[in-house]
Each structure stands twice: as C-alpha cells, then as structure tokens.
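Novice: Sending over upload-v2.txt (compact mmCIF, C-alpha atoms).
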# COMPACT_ATOMS: atom_id res chain seq x y z
CA MET W 7 0.00 0.00 0.00
CA LEU W 8 2.75 2.48 0.85
CA SER W 9 4.27 2.15 -2.60
CA ALA W 10 0.98 3.22 -4.23
CA GLY W 11 0.18 6.27 -2.09
CA ASP W 12 0.93 9.90 -2.90
CA VAL W 13 0.13 11.52 0.47
CA PHE W 14 0.57 9.95 3.89
CA ILE W 15 -0.78 11.32 7.16
CA LYS W 16 0.54 9.81 10.38
CA VAL W 17 0.35 10.86 14.00
CA ASN W 18 3.70 9.34 14.99
CA PRO W 19 6.91 9.51 12.96
CA PRO W 20 7.21 6.80 10.32
CA PHE W 21 9.42 3.78 10.85
CA ALA W 22 12.44 3.20 8.60
CA ASP W 23 10.73 0.29 6.81
CA GLU W 24 7.71 2.51 6.08
CA ILE W 25 9.90 5.21 4.58
CA ALA W 26 11.68 2.63 2.43
CA LYS W 27 8.30 1.62 0.91
CA MET W 28 7.13 5.18 0.13
CA LYS W 29 7.40 6.11 -3.50
CA GLU W 30 9.66 8.90 -4.61
CA GLY W 31 7.91 12.27 -4.74
CA SER W 32 5.25 11.36 -2.17
CA VAL W 33 4.27 13.64 0.72
CA LEU W 34 4.27 12.87 4.45
CA ILE W 35 2.43 14.90 7.10
CA SER W 36 3.24 13.79 10.64
CA PHE W 37 4.66 14.68 14.01
CA MET W 38 8.33 14.04 13.29
CA TYR W 39 10.31 16.10 15.80
CA ALA W 40 12.81 16.68 13.00
CA PHE W 41 15.26 18.74 15.06
CA SER W 42 15.97 15.76 17.30
CA ASN W 43 15.45 13.05 14.70
CA ALA W 44 18.15 13.60 12.07
CA GLU W 45 18.10 9.97 10.88
CA LEU W 46 14.42 10.28 9.97
CA VAL W 47 15.06 13.47 8.00
CA GLN W 48 17.95 11.85 6.14
CA ALA W 49 15.87 8.78 5.27
CA LEU W 50 13.06 10.98 3.91
CA MET W 51 15.52 13.05 1.89
CA LYS W 52 17.09 9.89 0.47
CA ARG W 53 13.65 8.67 -0.71
CA LYS W 54 12.82 12.20 -2.00
CA VAL W 55 9.70 12.36 0.17
CA SER W 56 8.42 15.85 0.98
CA ALA W 57 7.63 16.07 4.67
CA PHE W 58 5.62 18.45 6.82
CA SER W 59 6.26 18.16 10.54
CA MET W 60 3.14 19.17 12.46
CA ASP W 61 5.12 19.74 15.65
CA ALA W 62 6.96 22.56 13.82
CA VAL W 63 3.80 24.60 13.20
CA PRO W 64 4.18 27.81 15.21
CA ARG W 65 1.85 28.07 18.17
CA THR W 66 0.50 31.50 17.32
CA THR W 67 -2.98 32.92 16.88
CA LYS W 68 -2.65 32.95 13.09
CA ALA W 69 -1.62 29.29 12.97
CA GLN W 70 -4.13 28.16 15.60
CA ARG W 71 -6.23 26.19 13.11
CA MET W 72 -3.20 24.04 12.29
CA ASP W 73 -2.04 23.63 15.89
CA ALA W 74 -2.56 19.91 16.32
CA LEU W 75 -0.69 19.86 19.63
CA SER W 76 -3.21 22.18 21.29
CA SER W 77 -6.23 20.38 19.89
CA GLN W 78 -4.94 17.01 21.04
CA ALA W 79 -3.94 18.40 24.45
CA SER W 80 -7.45 19.79 24.85
CA LEU W 81 -8.93 16.38 24.07
CA GLY W 82 -6.48 14.83 26.53
CA GLY W 83 -7.63 17.14 29.33
CA TYR W 84 -11.26 16.32 28.62
CA LYS W 85 -10.61 12.58 28.44
CA ALA W 86 -8.56 12.58 31.65
CA VAL W 87 -11.45 14.05 33.63
CA MET W 88 -13.98 11.69 32.04
CA MET W 89 -11.80 8.68 32.84
CA GLY W 90 -11.22 9.95 36.38
CA ALA W 91 -14.94 10.49 36.89
CA ASN W 92 -15.65 6.99 35.67
CA ALA W 93 -13.04 5.43 37.95
CA LEU W 94 -14.00 7.51 41.01
CA GLY W 95 -17.02 5.46 42.00
CA LYS W 96 -19.00 8.53 43.10
CA ILE W 97 -20.76 11.32 41.28
CA PHE W 98 -19.11 14.72 40.80
CA PRO W 99 -21.91 17.19 41.66
CA LEU W 100 -23.48 18.10 44.97
CA MET W 101 -26.73 16.17 45.35
CA MET W 102 -29.38 16.66 48.00
CA THR W 103 -31.83 13.81 48.23
CA ALA W 104 -34.38 12.56 50.73
CA ALA W 105 -31.77 10.04 51.80
CA GLY W 106 -29.14 12.70 52.51
CA THR W 107 -26.57 14.94 50.90
CA ILE W 108 -23.74 13.82 48.67
CA THR W 109 -20.86 16.30 48.81
CA PRO W 110 -19.31 17.34 45.51
CA SER W 111 -16.13 15.66 44.36
CA ARG W 112 -12.92 17.63 44.63
CA VAL W 113 -10.58 17.70 41.65
CA LEU W 114 -6.99 18.92 41.76
CA ILE W 115 -5.39 19.66 38.41
CA PHE W 116 -1.62 19.94 38.06
CA GLY W 117 -0.75 22.29 35.22
CA ALA W 118 -2.87 25.04 33.69
CA GLY W 119 -1.80 24.59 30.09
CA VAL W 120 -4.18 23.68 27.30
CA ALA W 121 -4.96 20.23 28.76
CA GLY W 122 -5.27 21.53 32.30
CA LEU W 123 -7.68 24.32 31.37
CA GLN W 124 -9.85 21.88 29.44
CA ALA W 125 -9.77 19.48 32.39
CA LEU W 126 -10.79 22.36 34.67
CA ALA W 127 -13.74 23.28 32.44
CA THR W 128 -14.86 19.66 32.08
CA ALA W 129 -14.68 18.88 35.82
CA LYS W 130 -16.52 22.10 36.59
CA ARG W 131 -19.28 21.26 34.08
CA LEU W 132 -19.65 17.89 35.80
CA GLY W 133 -20.19 19.69 39.13
CA ALA W 134 -16.88 19.11 40.90
CA VAL W 135 -15.10 21.59 43.12
CA VAL W 136 -11.90 22.29 41.17
CA GLU W 137 -8.49 23.61 42.18
CA VAL W 138 -5.56 24.10 39.83
CA THR W 139 -1.87 24.49 40.48
CA ASP W 140 0.96 25.39 38.14
CA ILE W 141 4.56 26.48 38.63
CA ARG W 142 4.12 29.26 36.05
CA PRO W 143 2.82 32.41 37.77
CA GLY W 144 1.18 33.70 34.57
CA THR W 145 -1.34 30.87 34.54
CA LYS W 146 -3.01 32.12 37.72
CA GLU W 147 -5.00 34.73 35.78
CA GLU W 148 -6.19 32.15 33.25
CA VAL W 149 -7.46 29.84 35.99
CA GLU W 150 -9.14 32.66 37.89
CA SER W 151 -10.76 33.95 34.69
CA LEU W 152 -12.59 30.62 34.52
CA GLY W 153 -13.84 31.23 38.05
CA ASP W 154 -11.78 28.66 39.90
CA ALA W 155 -9.25 28.61 42.69
CA PHE W 156 -5.54 28.65 41.96
CA CYS W 157 -3.33 26.83 44.48
CA LYS W 158 0.28 27.76 45.05
Starting from the coordinates I provided, produce the structure as structure tokens.

Specialist:
Amino acid sequence: MLSAGDVFIKVNPPFADEIAKMKEGSVLISFMYAFSNAELVQALMKRKVSAFSMDAVPRTTKAQRMDALSSQASLGGYKAVMMGANALGKIFPLMMTAAGTITPSRVLIFGAGVAGLQALATAKRLGAVVEVTDIRPGTKEEVESLGDAFCK
C-alpha cells in the first residue's frame, strides 16, 4: 500500500521500513520532531519524500487552526477528567436527596496549560469543586478567569 500512495498522514513519525516503501515524490504529514530526529530526515531526503512536521507549526494565533498539539492536548484534558470520573465510583456534583446529601467531588489539576484548562472546564461542568496548580505564575489569571481557585 505504501508504494501506491501519494500523500501519507501519520500521527507518529514513520518507521524506517515505512519510509523505504514510500514512493519517490510522495508527501508525508506527521509529528516528526525533526530537530531531534536527524536519521528520519535523512531517510526521507534519500527517498525524495516531501515532509511536513506538524510539531513545527508555530503556536500563534494565526496558525491556531493548524495547531494539532493544542487540539490534542485539549482532548487529553477532557478525556482525563472523564476517565477519572468513571473510575472515582462517586458522582461529581453536589446532590441533595431525601436520603441525605452527597458532597461534591474535589478535583486537583496539576498544570494550567491547554490540557489543564480543558480538564478544569470539564470537571466544573460535571459539578466538581476544582483547584488548579501550576509552577508558572502567569497561569493564575487564566485559571481565575474561569472562576476557579488557583493553588500555590
């Protein structure tokens, strides 16, 4: 199959045997981490494969639509909270019933980057009491702008 394709899209860098099967003049779009993976770059050059490394897309406002790292980190933050909620064995929100009161779950998020902020928003939507901590002082404003507590 690789010898017949013109354009290849991969999440992870290709293996050497995959590159060897790509036809000359084909195009590869992938996370390649080219600056630290010189052998991969050399193998692609040898096969005359044009390559676009998604991890090299600048993380700016203008390039935001192509920023696969942020979109995947956001999904990771969401998924982490959903998996945590599933494994917790108790519900996240405060519930008052005739049988008594269930206190809300408490969620502590380490890191207020893209994934952490998505995790914060997801846990909050599920009704948890959320606290976030990060070693970067600039993230405090971002956390507080979402209405949650920032821990030192």

Novice: Which one of W:Leu114, W:Cys157, W:Gly122, W:Phe21 sits closest to W:Val136 if you count all atoms listed in the file?

Specialist: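 The shortest atom-to-atom distance to W:Val136 comes from W:Leu114.
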
Novice: Could you list, as a list in words, every residue within 12 Å of W:Val47, counting all atoms listed in the file and ignoring same-chain residues fewer than 3 positions away?

Specialist: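 Returned residues: Pro19, Pro20, Phe21, Ala22, Ile25, Leu34, Met38, Tyr39, Ala40, Phe41, Ser42, Asn43, Ala44, Leu50, Met51, Lys52, Arg53, Lys54, Val55, Ser56, Ala57, Phe58 and Ser59 of chain W.
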
Novice: Considering only C-alpha atoms, can you say which of W:Val17, W:Met89, W:Ala26, W:Val135 comes closest to W:Asp61?

Specialist: W:Val17

Novice: Let me make sure I understand: among W:Val149, W:Ala104, W:Ala121, W:Leu94, which one has the smallest atom-to-atom distance to W:Ser80 if we use all atoms listed in the file?

Specialist: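 Checking each candidate against W:Ser80, we get W:Ala121 as the closest.
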
Novice: How many Å lie between atom CA of W:Ala134 and atom CA of W:Arg112, rounded to one decimal?

Specialist: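 Pair atom CA of W:Ala134 / atom CA of W:Arg112 returns 5.6 Å.
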
Novice: Give the answer as one residue: which of W:Leu75, W:Val113, W:Leu46, W:Ala105 has the shortest atom-to-atom distance to W:Ala91, using only C-alpha atoms?

Specialist: W:Val113

Novice: Mind checking which residues fall within 9 Å of W:Gly119, counting all atoms listed in the file, ignoring those fewer than 4 positions away in the same chain, and posting them as a ChimeraX atom specification?

Specialist: /W:79,123-124,140,145

Novice: In terms of the shortest atom-to-atom distance over only C-alpha atoms, which of W:Ala49, W:Val120, W:Val138, W:Val33 is closest to W:Ser77?

Specialist: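 Between W:Ala49, W:Val120, W:Val138, W:Val33, the residue approaching W:Ser77 most closely is W:Val120.
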
Novice: Reconstruct stretch 104-123 of chain W at the level of N, CA and C atoms, and format the result as a JSON list (two decimals), keeping the file's coordinate frame.

Specialist:
[["chain", "number", "residue", "atom", "x", "y", "z"],
["W", 104, "ALA", "N", -33.65, 12.90, 49.50],
["W", 104, "ALA", "CA", -34.38, 12.56, 50.73],
["W", 104, "ALA", "C", -33.54, 11.67, 51.64],
["W", 105, "ALA", "N", -32.61, 10.94, 51.03],
["W", 105, "ALA", "CA", -31.77, 10.04, 51.80],
["W", 105, "ALA", "C", -30.55, 10.74, 52.39],
["W", 106, "GLY", "N", -30.29, 11.98, 51.98],
["W", 106, "GLY", "CA", -29.14, 12.70, 52.51],
["W", 106, "GLY", "C", -28.44, 13.51, 51.43],
["W", 107, "THR", "N", -27.33, 14.09, 51.80],
["W", 107, "THR", "CA", -26.57, 14.94, 50.90],
["W", 107, "THR", "C", -25.27, 14.27, 50.48],
["W", 108, "ILE", "N", -25.01, 14.32, 49.20],
["W", 108, "ILE", "CA", -23.74, 13.82, 48.67],
["W", 108, "ILE", "C", -22.88, 15.06, 48.38],
["W", 109, "THR", "N", -21.74, 15.13, 49.03],
["W", 109, "THR", "CA", -20.86, 16.30, 48.81],
["W", 109, "THR", "C", -20.23, 16.21, 47.43],
["W", 110, "PRO", "N", -19.91, 17.37, 46.84],
["W", 110, "PRO", "CA", -19.31, 17.34, 45.51],
["W", 110, "PRO", "C", -17.89, 16.78, 45.56],
["W", 111, "SER", "N", -17.50, 16.17, 44.47],
["W", 111, "SER", "CA", -16.13, 15.66, 44.36],
["W", 111, "SER", "C", -15.17, 16.84, 44.26],
["W", 112, "ARG", "N", -13.97, 16.61, 44.73],
["W", 112, "ARG", "CA", -12.92, 17.63, 44.63],
["W", 112, "ARG", "C", -11.90, 17.15, 43.62],
["W", 113, "VAL", "N", -11.53, 18.03, 42.70],
["W", 113, "VAL", "CA", -10.58, 17.70, 41.65],
["W", 113, "VAL", "C", -9.41, 18.66, 41.75],
["W", 114, "LEU", "N", -8.21, 18.11, 41.77],
["W", 114, "LEU", "CA", -6.99, 18.92, 41.76],
["W", 114, "LEU", "C", -6.28, 18.68, 40.45],
["W", 115, "ILE", "N", -6.03, 19.76, 39.72],
["W", 115, "ILE", "CA", -5.39, 19.66, 38.41],
["W", 115, "ILE", "C", -3.99, 20.25, 38.51],
["W", 116, "PHE", "N", -3.00, 19.48, 38.08],
["W", 116, "PHE", "CA", -1.62, 19.94, 38.06],
["W", 116, "PHE", "C", -1.30, 20.43, 36.66],
["W", 117, "GLY", "N", -1.10, 21.72, 36.51],
["W", 117, "GLY", "CA", -0.75, 22.29, 35.22],
["W", 117, "GLY", "C", -1.94, 22.98, 34.58],
["W", 118, "ALA", "N", -1.78, 24.27, 34.28],
["W", 118, "ALA", "CA", -2.87, 25.04, 33.69],
["W", 118, "ALA", "C", -2.56, 25.39, 32.24],
["W", 119, "GLY", "N", -2.01, 24.41, 31.52],
["W", 119, "GLY", "CA", -1.80, 24.59, 30.09],
["W", 119, "GLY", "C", -3.10, 24.27, 29.36],
["W", 120, "VAL", "N", -3.00, 23.97, 28.10],
["W", 120, "VAL", "CA", -4.18, 23.68, 27.30],
["W", 120, "VAL", "C", -4.96, 22.50, 27.89],
["W", 121, "ALA", "N", -4.28, 21.41, 28.20],
["W", 121, "ALA", "CA", -4.96, 20.23, 28.76],
["W", 121, "ALA", "C", -5.55, 20.53, 30.13],
["W", 122, "GLY", "N", -4.81, 21.22, 30.95],
["W", 122, "GLY", "CA", -5.27, 21.53, 32.30],
["W", 122, "GLY", "C", -6.50, 22.42, 32.31],
["W", 123, "LEU", "N", -6.52, 23.42, 31.43],
["W", 123, "LEU", "CA", -7.68, 24.32, 31.37],
["W", 123, "LEU", "C", -8.91, 23.58, 30.85]]
